[in-house]
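Just upload-v5.txt here, compact mmCIF, C-alpha atoms and all ligand atoms:
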# COMPACT_ATOMS: atom_id res chain seq x y z
CA MET I 258 9.49 -9.06 -28.07
CA SER I 259 8.15 -6.60 -25.51
CA THR I 260 8.45 -3.03 -26.76
CA TYR I 261 10.32 -2.04 -23.61
CA LEU I 262 13.18 -4.35 -24.65
CA LYS I 263 13.73 -2.48 -27.92
CA ALA I 264 17.05 -0.68 -27.93
CA ASN I 265 15.43 2.57 -29.09
CA TYR I 266 12.71 2.65 -26.41
CA GLY I 267 13.01 5.96 -24.54
CA ALA I 268 13.32 5.09 -20.83
CA SER I 269 13.91 8.70 -19.75
CA ARG I 270 10.91 9.90 -21.76
CA TYR I 271 8.88 7.21 -19.99
CA ARG I 272 9.88 8.53 -16.59
CA SER I 273 9.04 12.16 -17.33
CA LEU I 274 5.64 11.51 -18.86
CA ARG I 275 4.01 8.93 -16.59
CA PRO I 276 1.78 9.69 -13.59
CA GLU I 277 2.92 9.12 -9.99
CA TYR I 278 0.77 7.04 -7.65
CA PRO I 279 -0.95 8.78 -4.69
CA PRO I 280 0.62 8.61 -1.19
CA LYS I 281 -2.61 7.33 0.33
CA PHE I 282 -2.42 4.24 -1.84
CA TYR I 283 1.01 3.43 -0.37
CA ASP I 284 -0.38 4.15 3.13
CA PHE I 285 -3.09 1.60 2.43
CA ILE I 286 -0.54 -1.02 1.33
CA PHE I 287 1.54 -0.57 4.48
CA GLU I 288 -1.49 -0.68 6.79
CA HIS I 289 -1.30 -4.43 6.14
CA PHE I 290 1.96 -4.68 8.11
CA SER I 291 2.27 -4.48 11.91
CA GLU I 292 5.98 -3.66 11.68
CA LYS I 293 8.32 -2.22 9.02
CA PRO I 294 8.65 -4.89 6.29
CA LYS I 295 12.22 -6.12 5.79
CA LEU I 296 12.29 -6.95 2.10
CA ALA I 297 10.14 -5.73 -0.81
CA VAL I 298 10.47 -6.62 -4.49
CA ASP I 299 8.87 -4.48 -7.22
CA VAL I 300 8.61 -6.48 -10.47
CA GLY I 301 8.32 -4.66 -13.82
CA CYS I 302 9.69 -1.64 -11.94
CA GLY I 303 10.47 0.46 -15.03
CA THR I 304 12.39 3.52 -13.93
CA GLY I 305 11.31 2.97 -10.32
CA GLN I 306 8.26 5.23 -9.81
CA ALA I 307 6.67 2.81 -7.35
CA THR I 308 9.88 1.19 -6.12
CA VAL I 309 11.18 4.43 -4.65
CA GLU I 310 7.98 4.98 -2.66
CA VAL I 311 8.00 1.37 -1.44
CA ALA I 312 11.69 1.69 -0.47
CA LYS I 313 10.92 4.67 1.78
CA ARG I 314 8.71 2.37 3.88
CA VAL I 315 10.76 -0.86 4.11
CA VAL I 316 14.22 -1.94 5.29
CA GLU I 317 15.35 -3.05 1.82
CA ALA I 318 13.71 -2.76 -1.60
CA ILE I 319 14.71 -4.27 -4.93
CA GLY I 320 13.28 -3.22 -8.27
CA MET I 321 13.42 -5.74 -11.10
CA ASP I 322 12.68 -5.23 -14.79
CA HIS I 323 13.50 -7.18 -17.92
CA SER I 324 14.60 -4.00 -19.68
CA LYS I 325 18.26 -3.14 -19.13
CA ALA I 326 17.59 0.48 -20.20
CA MET I 327 14.92 0.89 -17.51
CA VAL I 328 17.15 -0.67 -14.83
CA GLU I 329 20.11 1.52 -15.81
CA LEU I 330 18.06 4.72 -15.66
CA ALA I 331 16.44 3.68 -12.36
CA THR I 332 19.90 2.98 -10.93
CA ASP I 333 21.29 6.32 -12.15
CA MET I 334 18.42 8.24 -10.58
CA ASN I 335 18.33 6.32 -7.31
CA GLN I 336 19.26 8.26 -4.17
CA LEU I 337 18.15 5.76 -1.53
CA PRO I 338 20.81 3.53 0.11
CA ASN I 339 18.31 0.72 0.82
CA LEU I 340 17.16 0.49 -2.82
CA SER I 341 18.75 -1.33 -5.75
CA PHE I 342 17.66 -2.41 -9.20
CA ARG I 343 18.36 -5.62 -11.12
CA VAL I 344 17.55 -6.99 -14.53
CA GLY I 345 15.10 -9.88 -14.24
CA ASP I 346 11.85 -10.94 -15.84
CA ASP I 347 8.57 -12.20 -14.42
CA HIS I 348 9.98 -15.77 -14.38
CA ALA I 349 13.61 -15.28 -13.35
CA PHE I 350 13.03 -12.73 -10.61
CA ALA I 351 11.98 -15.38 -8.12
CA THR I 352 15.21 -17.37 -8.47
CA GLU I 353 17.04 -14.45 -6.81
CA PHE I 354 15.21 -14.95 -3.53
CA ALA I 355 14.98 -17.80 -1.04
CA PRO I 356 11.55 -19.31 -0.44
CA ASP I 357 9.59 -17.53 2.33
CA SER I 358 12.02 -14.59 2.40
CA VAL I 359 10.11 -11.60 0.97
CA ASP I 360 7.52 -9.48 2.84
CA LEU I 361 6.02 -7.59 -0.08
CA VAL I 362 5.84 -8.07 -3.85
CA THR I 363 4.46 -5.16 -5.89
CA VAL I 364 3.67 -4.82 -9.59
CA ALA I 365 2.68 -1.40 -10.91
CA GLU I 366 1.28 -1.06 -14.43
CA ALA I 367 3.18 -4.14 -15.63
CA ALA I 368 1.24 -7.32 -14.73
CA HIS I 369 -0.45 -7.46 -18.13
CA TYR I 370 2.94 -8.28 -19.67
CA PHE I 371 3.50 -11.22 -17.32
CA ASP I 372 2.68 -14.88 -17.60
CA LEU I 373 0.46 -14.35 -14.58
CA GLU I 374 -0.26 -17.99 -13.75
CA ASN I 375 3.45 -18.69 -13.27
CA PHE I 376 4.08 -15.29 -11.72
CA TYR I 377 1.50 -15.97 -9.00
CA LYS I 378 3.21 -19.29 -8.20
CA ALA I 379 6.63 -17.63 -8.08
CA ALA I 380 5.39 -14.81 -5.82
CA HIS I 381 3.72 -17.38 -3.57
CA THR I 382 7.03 -19.27 -3.24
CA ILE I 383 9.25 -16.32 -2.28
CA LEU I 384 6.73 -14.47 -0.09
CA LYS I 385 6.69 -15.23 3.62
CA PRO I 386 3.45 -16.64 5.00
CA ASN I 387 1.16 -13.58 5.27
CA GLY I 388 3.49 -11.65 2.95
CA LEU I 389 1.58 -9.30 0.66
CA LEU I 390 1.21 -9.26 -3.12
CA VAL I 391 -0.12 -5.99 -4.57
CA ILE I 392 -0.81 -5.40 -8.27
CA TRP I 393 -2.18 -2.21 -9.78
CA GLY I 394 -2.58 -0.43 -13.08
CA TYR I 395 -4.30 2.33 -15.04
CA ARG I 396 -5.55 3.14 -18.52
CA ASN I 397 -8.55 4.64 -20.41
CA ASP I 398 -7.93 8.31 -19.63
CA VAL I 399 -10.80 10.76 -19.42
CA ILE I 400 -10.18 14.49 -19.90
CA GLN I 401 -12.53 16.06 -17.36
CA GLY I 402 -15.30 18.15 -19.00
CA GLU I 403 -13.97 17.45 -22.51
CA PRO I 404 -16.00 14.55 -23.96
CA GLU I 405 -15.04 15.26 -27.58
CA ALA I 406 -11.29 15.35 -26.85
CA THR I 407 -11.66 12.18 -24.71
CA LYS I 408 -13.41 10.44 -27.61
CA ILE I 409 -10.63 11.41 -30.02
CA VAL I 410 -7.94 10.17 -27.60
CA ALA I 411 -9.79 6.85 -27.15
CA LYS I 412 -10.06 6.45 -30.93
CA TYR I 413 -6.35 7.06 -31.51
CA CYS I 414 -5.31 4.84 -28.58
CA TYR I 415 -7.56 1.82 -28.99
CA ASP I 416 -9.07 1.73 -32.49
CA PRO I 417 -7.20 -0.83 -34.64
CA ALA I 418 -7.17 1.70 -37.50
CA TYR I 419 -4.92 3.89 -35.33
CA LEU I 420 -2.64 2.77 -32.47
CA GLY I 421 -4.96 -0.09 -31.47
CA ARG I 422 -3.27 -2.62 -33.70
CA TYR I 423 0.18 -1.68 -32.42
CA TYR I 424 -0.52 -2.93 -28.92
CA ASP I 425 1.77 -5.46 -27.32
CA GLU I 426 0.00 -8.77 -26.69
CA GLY I 427 0.16 -8.04 -22.97
CA LEU I 428 -1.90 -4.90 -23.21
CA LYS I 429 -4.82 -6.86 -24.63
CA LYS I 430 -4.92 -8.70 -21.30
CA PHE I 431 -5.58 -5.36 -19.68
CA ASP I 432 -8.81 -4.70 -21.63
CA LYS I 433 -10.84 -6.11 -18.73
CA PHE I 434 -8.59 -4.69 -16.02
CA TYR I 435 -7.19 -8.11 -15.02
CA ALA I 436 -10.74 -9.38 -14.29
CA ASP I 437 -9.76 -12.70 -15.90
CA TYR I 438 -6.38 -12.80 -14.14
CA LYS I 439 -7.23 -12.13 -10.51
CA ILE I 440 -4.89 -13.17 -7.67
CA PRO I 441 -5.79 -16.84 -7.07
CA ASN I 442 -7.55 -17.82 -3.83
CA ASP I 443 -5.75 -21.16 -3.64
CA LEU I 444 -2.36 -19.45 -3.13
CA PHE I 445 -3.45 -16.21 -1.41
CA ARG I 446 -6.10 -15.31 1.15
CA ASP I 447 -8.15 -12.16 1.81
CA VAL I 448 -7.92 -11.40 -1.91
CA LEU I 449 -9.22 -7.95 -2.79
CA TYR I 450 -9.97 -6.70 -6.32
CA HIS I 451 -11.10 -3.13 -6.94
CA GLN I 452 -11.69 -0.93 -9.98
CA ASN I 453 -12.03 2.85 -9.92
CA PRO I 454 -13.59 3.99 -13.23
CA ALA I 455 -12.42 7.31 -14.65
CA THR I 456 -16.00 8.62 -14.59
CA THR I 457 -16.29 8.21 -10.79
CA LEU I 458 -15.13 11.10 -8.64
CA SER I 459 -14.75 10.17 -4.99
CA ASP I 460 -12.41 11.32 -2.26
CA ASP I 461 -12.62 7.84 -0.73
CA GLU I 462 -10.82 6.17 -3.61
CA LEU I 463 -7.34 4.97 -2.69
CA LEU I 464 -5.92 4.72 -6.19
CA GLU I 465 -7.20 7.98 -7.59
CA LEU I 466 -4.99 8.93 -10.51
CA ARG I 467 -5.48 12.49 -11.70
CA ARG I 468 -3.15 14.96 -13.27
CA THR I 469 -3.64 18.61 -14.20
CA THR I 470 -1.38 19.63 -17.04
CA SER I 471 -1.35 21.45 -20.37
CA LEU I 472 -2.83 19.76 -23.41
CA ARG I 473 0.66 19.96 -24.93
CA ASP I 474 2.27 17.90 -22.13
CA TYR I 475 -0.63 15.47 -22.02
CA LEU I 476 -0.29 14.71 -25.73
CA ALA I 477 3.47 14.19 -25.32
CA TYR I 478 2.65 11.40 -22.82
CA PHE I 479 1.32 9.24 -25.67
CA ARG I 480 4.83 9.09 -27.10
CA SER I 481 5.77 6.97 -24.03
CA PHE I 482 3.24 4.32 -25.10
CA SER I 483 4.58 0.96 -26.27
CA SER I 484 1.95 1.08 -29.07
CA TYR I 485 3.39 4.42 -30.23
CA GLN I 486 6.90 2.98 -30.23
CA ASN I 487 5.66 0.09 -32.41
CA TRP I 488 3.85 2.51 -34.73
CA PHE I 489 7.00 4.61 -34.97
CA ASP I 490 9.12 1.57 -35.91
CA ASP I 491 6.61 0.85 -38.68
CA HIS I 492 6.82 4.42 -40.08
CA SER I 493 10.44 5.22 -40.84
CA ASP I 494 9.49 8.59 -42.39
CA ALA I 495 7.62 9.82 -39.30
CA THR I 496 8.58 13.12 -37.68
CA PRO I 497 7.09 14.87 -34.63
CA GLU I 498 5.32 17.17 -37.10
CA ASN I 499 3.48 14.43 -38.98
CA ASP I 500 3.36 11.39 -36.69
CA ILE I 501 0.16 9.84 -35.34
CA ILE I 502 0.29 11.97 -32.18
CA ALA I 503 0.56 15.10 -34.33
CA GLN I 504 -2.52 13.89 -36.23
CA MET I 505 -4.39 13.32 -32.96
CA THR I 506 -3.34 16.78 -31.80
CA GLN I 507 -4.67 18.40 -34.99
CA GLU I 508 -7.98 16.59 -34.66
CA ILE I 509 -8.41 17.71 -31.04
CA LEU I 510 -7.51 21.31 -31.86
CA SER I 511 -9.90 21.49 -34.81
CA SER I 512 -12.82 19.73 -33.07
CA THR I 513 -12.75 21.45 -29.66
CA ASP I 514 -12.06 24.88 -28.13
CA LEU I 515 -8.83 23.57 -26.57
CA THR I 516 -5.44 25.05 -27.38
CA LEU I 517 -2.06 23.46 -26.67
CA ASP I 518 -1.76 25.74 -23.61
CA SER I 519 -5.18 24.82 -22.19
CA GLU I 520 -4.99 23.41 -18.69
CA ILE I 521 -6.78 20.07 -18.51
CA THR I 522 -7.36 17.50 -15.81
CA ILE I 523 -6.98 13.87 -16.76
CA LYS I 524 -8.32 11.02 -14.69
CA TRP I 525 -7.41 7.42 -15.31
CA HIS I 526 -9.48 4.28 -14.76
CA THR I 527 -7.48 2.35 -12.18
CA VAL I 528 -7.49 -1.15 -10.78
CA TYR I 529 -5.76 -2.74 -7.83
CA MET I 530 -5.75 -6.19 -6.32
CA LEU I 531 -3.94 -7.65 -3.36
CA GLY I 532 -3.71 -10.87 -1.39
CA LYS I 533 -1.91 -12.27 1.63
CA ASN I 534 0.28 -15.27 1.01
CA LYS I 535 -1.05 -18.60 2.28
C1 LIG I 601 4.26 0.42 -18.21
S1 LIG I 601 5.81 0.06 -17.51
C2 LIG I 601 5.53 0.25 -15.75
C3 LIG I 601 6.75 0.70 -15.02
C4 LIG I 601 6.56 1.11 -13.56
N1 LIG I 601 6.27 -0.04 -12.74
C5 LIG I 601 5.48 2.16 -13.40
O1 LIG I 601 4.66 1.99 -12.52
O2 LIG I 601 5.48 3.14 -14.14
C6 LIG I 601 5.94 -1.67 -17.68
C7 LIG I 601 7.29 -2.20 -17.30
O3 LIG I 601 7.22 -3.62 -17.26
C8 LIG I 601 8.42 -4.14 -17.79
N2 LIG I 601 8.15 -5.52 -18.25
C9 LIG I 601 7.39 -5.90 -19.30
N3 LIG I 601 7.37 -7.24 -19.38
C10 LIG I 601 8.12 -7.71 -18.36
C11 LIG I 601 8.47 -9.02 -17.92
N4 LIG I 601 8.01 -10.09 -18.55
N5 LIG I 601 9.28 -9.15 -16.83
C12 LIG I 601 9.73 -8.03 -16.19
N6 LIG I 601 9.44 -6.77 -16.57
C13 LIG I 601 8.64 -6.60 -17.64
C14 LIG I 601 8.77 -3.18 -18.91
O4 LIG I 601 10.14 -3.24 -19.27
C15 LIG I 601 8.38 -1.85 -18.28
O5 LIG I 601 9.46 -1.25 -17.61
Turn this file's structure into structure tokens for me.
Ligand SMILES: C[S@@+](CC[C@H](N)C(=O)[O-])C[C@H]1O[C@@H](n2cnc3c(N)ncnc32)[C@H](O)[C@@H]1O
Amino acid sequence: MSTYLKANYGASRYRSLRPEYPPKFYDFIFEHFSEKPKLAVDVGCGTGQATVEVAKRVVEAIGMDHSKAMVELATDMNQLPNLSFRVGDDHAFATEFAPDSVDLVTVAEAAHYFDLENFYKAAHTILKPNGLLVIWGYRNDVIQGEPEATKIVAKYCYDPAYLGRYYDEGLKKFDKFYADYKIPNDLFRDVLYHQNPATTLSDDELLELRRTTSLRDYLAYFRSFSSYQNWFDDHSDATPENDIIAQMTQEILSSTDLTLDSEITIKWHTVYMLGKNK
């Protein structure tokens, strides 16, 4: 079962701790349309980070997620009249739409959980000819100018002795940034695939994900990880004072000059791919 389906998964914590995507990335998506798109569907929408931004630029937007908790929170927070949210997974979502009826399908930080071969077919069926499919994601954070703290974070996140073995199956697909799961050329044309490593700093990058925050708030973000939720379920005696994030925090504080109040800038390695429907 996906961690996000667990009854105790904290949807509101997810929303407050995750990064927002940059406006210029949305501008880039909508440069592909000569007029305002009528219908957009955001699959794996979570609490609607990306769906809201898409909705501002289309006539109607629908966010779909297999987690009822995510859909409920997204619905509660929604203030846009042209936006709605529905429960639906990467298979069932397509049955809600007529063939050739959708202008844009987006997937933000969720495609690794999908059965992508079938998802691509489903998106191809509901998208209009020339309709756009856009998929993006991020991981492998780097704390700028703090190699030791970055190394400790990577160890706790990905080493199987720590949170590494608590990954959902889907996340393993993300190890190569979807390189083995690219949008297929037989169903889509003008397919573009682009990675932006966390070590590259360029103003030209469209999906540049950076956040300046305190070390305290950054470390809290790891409690929104599905791997943390799985670790937590495996450690019934865990408290915020002794859990694996507290251990990571202690190691960072004792190995670097950082304090919990230190201001740090995090940059994520991002990937995006898009294709026009054939
Ligand atoms: C990391 S969150 C991303 C949420 C949001 N799109 C964002 O950009 O922050 C992944 C989301 O994918 C959803 N998800 C996972 N597997 C799914 C599936 N098979 N079908 C639909 N949604 C799925 C989860 O419930 C979760 O809300």
Spatial neighbours of I:Asp437, max dist 12 Å, all atoms listed in the file, sep filter under 6 positions, as an mmCIF file with C-alpha atoms, in the coordinates of the input:
data_model
loop_
_atom_site.group_PDB
_atom_site.id
_atom_site.type_symbol
_atom_site.label_atom_id
_atom_site.label_comp_id
_atom_site.auth_asym_id
_atom_site.auth_seq_id
_atom_site.Cartn_x
_atom_site.Cartn_y
_atom_site.Cartn_z
ATOM 1 C CA HIS I 369 -0.450 -7.460 -18.130
ATOM 2 C CA LEU I 373 0.460 -14.350 -14.580
ATOM 3 C CA GLU I 374 -0.260 -17.990 -13.750
ATOM 4 C CA LYS I 429 -4.820 -6.860 -24.630
ATOM 5 C CA LYS I 430 -4.920 -8.700 -21.300
ATOM 6 C CA PHE I 431 -5.580 -5.360 -19.680
ATOM 7 C CA TYR I 450 -9.970 -6.700 -6.320
#
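Checking I:Glu288, I:Leu296, I:Phe342, I:Asp347 one by one against ligand LIG 601 (chain I), counting only C-alpha atoms and all ligand atoms, you find the shortest gap at I:Asp347.
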Of the listed residues I:Cys414, I:Met334, I:Leu428, I:Leu420, that which approaches ligand LIG 601 (chain I) most closely, counting all atoms listed in the file: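 Using all atoms listed in the file, the shortest distance to ligand LIG 601 (chain I) belongs to I:Leu428.
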Nearest residue to ligand LIG 601 (chain I) from the set I:Ala365, I:Ala297, I:Leu340, I:Leu464 (distances using only C-alpha atoms and all ligand atoms):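 Looking only at the distances to ligand LIG 601 (chain I), the closest residue turns out to be I:Ala365.
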Nearest candidate to I:Arg473 (options I:Ser519, I:Thr496, I:Asn375, I:Ser341; using all atoms listed in the file):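 Nearest candidate to I:Arg473 out of I:Ser519, I:Thr496, I:Asn375, I:Ser341: I:Ser519.
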Rows by chain and residue number, chain I within 7 Å of ligand LIG 601 (chain I), shortest pair, only C-alpha atoms and all ligand atoms, as a Markdown table:
| residue | atom | partner | partner_atom | distance |
| --- | --- | --- | --- | --- |
| I:Ser259 | CA | I:LIG601 | N3 | 6.2 |
| I:Tyr261 | CA | I:LIG601 | O4 | 4.5 |
| I:Leu262 | CA | I:LIG601 | O4 | 6.3 |
| I:Arg275 | CA | I:LIG601 | O2 | 6.5 |
| I:Val300 | CA | I:LIG601 | C12 | 6.0 |
| I:Gly301 | CA | I:LIG601 | N6 | 3.6 |
| I:Cys302 | CA | I:LIG601 | N1 | 3.9 |
| I:Gly303 | CA | I:LIG601 | O5 | 3.3 |
| I:Thr304 | CA | I:LIG601 | C4 | 6.3 |
| I:Gly305 | CA | I:LIG601 | C4 | 6.0 |
| I:Gln306 | CA | I:LIG601 | C5 | 5.5 |
| I:Ala307 | CA | I:LIG601 | O1 | 5.6 |
| I:Met321 | CA | I:LIG601 | C12 | 6.7 |
| I:Asp322 | CA | I:LIG601 | N6 | 4.0 |
| I:His323 | CA | I:LIG601 | C12 | 4.2 |
| I:Ser324 | CA | I:LIG601 | O4 | 4.5 |
| I:Met327 | CA | I:LIG601 | O5 | 5.9 |
| I:Gly345 | CA | I:LIG601 | C12 | 6.0 |
| I:Asp346 | CA | I:LIG601 | N5 | 3.3 |
| I:Asp347 | CA | I:LIG601 | N5 | 4.0 |
| I:Val364 | CA | I:LIG601 | N1 | 6.3 |
| I:Ala365 | CA | I:LIG601 | O1 | 4.2 |
| I:Glu366 | CA | I:LIG601 | C2 | 4.6 |
| I:Ala367 | CA | I:LIG601 | C6 | 4.2 |
| I:Tyr370 | CA | I:LIG601 | N3 | 4.6 |
| I:Phe371 | CA | I:LIG601 | N4 | 4.8 |
Closest of I:Leu444, I:Leu337, I:Ala503, I:Ile523 to I:Leu466 - atom-to-atom distances counting all atoms listed in the file: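 So, comparing all the options, the nearest one is I:Ile523.
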Pick from I:Glu317, I:Asp514, I:Glu277, I:Asp398, whichever lies nearest to I:Val410 using all atoms listed in the file: I:Asp398
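When atom CA of I:Leu384 is paired with atom CA of I:Pro294, their separation reads 11.7 Å.
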Sel. within 7 Å of pt (-2.3, 1.0, -16.1), counting all atoms listed in the file, output as JSON, numbers by chain: {"I": [366, 394, 395, 396, 527]}
Residues within 8 Å of (-2.7, 9.2, -30.1), counting all atoms listed in the file, listed as a ChimeraX atom specification: /I:410,412-414,419-420,476,479,485,501-506
I:Thr456 environment, 10 Å, all atoms listed in the file, sequence neighbours closer than 6 positions dropped, as a PDB file with C-alpha atoms, in the coordinates of the input:
ATOM      1  CA  ASP I 398      -7.930   8.310 -19.630  1.00  0.00           C
ATOM      2  CA  VAL I 399     -10.800  10.760 -19.420  1.00  0.00           C
ATOM      3  CA  ILE I 400     -10.180  14.490 -19.900  1.00  0.00           C
ATOM      4  CA  GLN I 401     -12.530  16.060 -17.360  1.00  0.00           C
ATOM      5  CA  LYS I 524      -8.320  11.020 -14.690  1.00  0.00           C
ATOM      6  CA  TRP I 525      -7.410   7.420 -15.310  1.00  0.00           C
ATOM      7  CA  HIS I 526      -9.480   4.280 -14.760  1.00  0.00           C
TER       8      HIS I 526
END
Atom-to-atom span, atom CA of I:Asn442 and atom CA of I:Asp360, Å: 18.5 Å
Using all atoms listed in the file, which residues sit within 8 Å of I:Leu389 once same-chain residues fewer than 5 positions away are excluded, as an mmCIF file with C-alpha atoms, keeping the file's coordinate frame?
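Contents of around.cif, as written:
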data_model
loop_
_atom_site.group_PDB
_atom_site.id
_atom_site.type_symbol
_atom_site.label_atom_id
_atom_site.label_comp_id
_atom_site.auth_asym_id
_atom_site.auth_seq_id
_atom_site.Cartn_x
_atom_site.Cartn_y
_atom_site.Cartn_z
ATOM 1 C CA HIS I 289 -1.300 -4.430 6.140
ATOM 2 C CA ASP I 360 7.520 -9.480 2.840
ATOM 3 C CA LEU I 361 6.020 -7.590 -0.080
ATOM 4 C CA VAL I 362 5.840 -8.070 -3.850
ATOM 5 C CA LEU I 384 6.730 -14.470 -0.090
ATOM 6 C CA LEU I 531 -3.940 -7.650 -3.360
ATOM 7 C CA GLY I 532 -3.710 -10.870 -1.390
ATOM 8 C CA LYS I 533 -1.910 -12.270 1.630
ATOM 9 C CA ASN I 534 0.280 -15.270 1.010
#
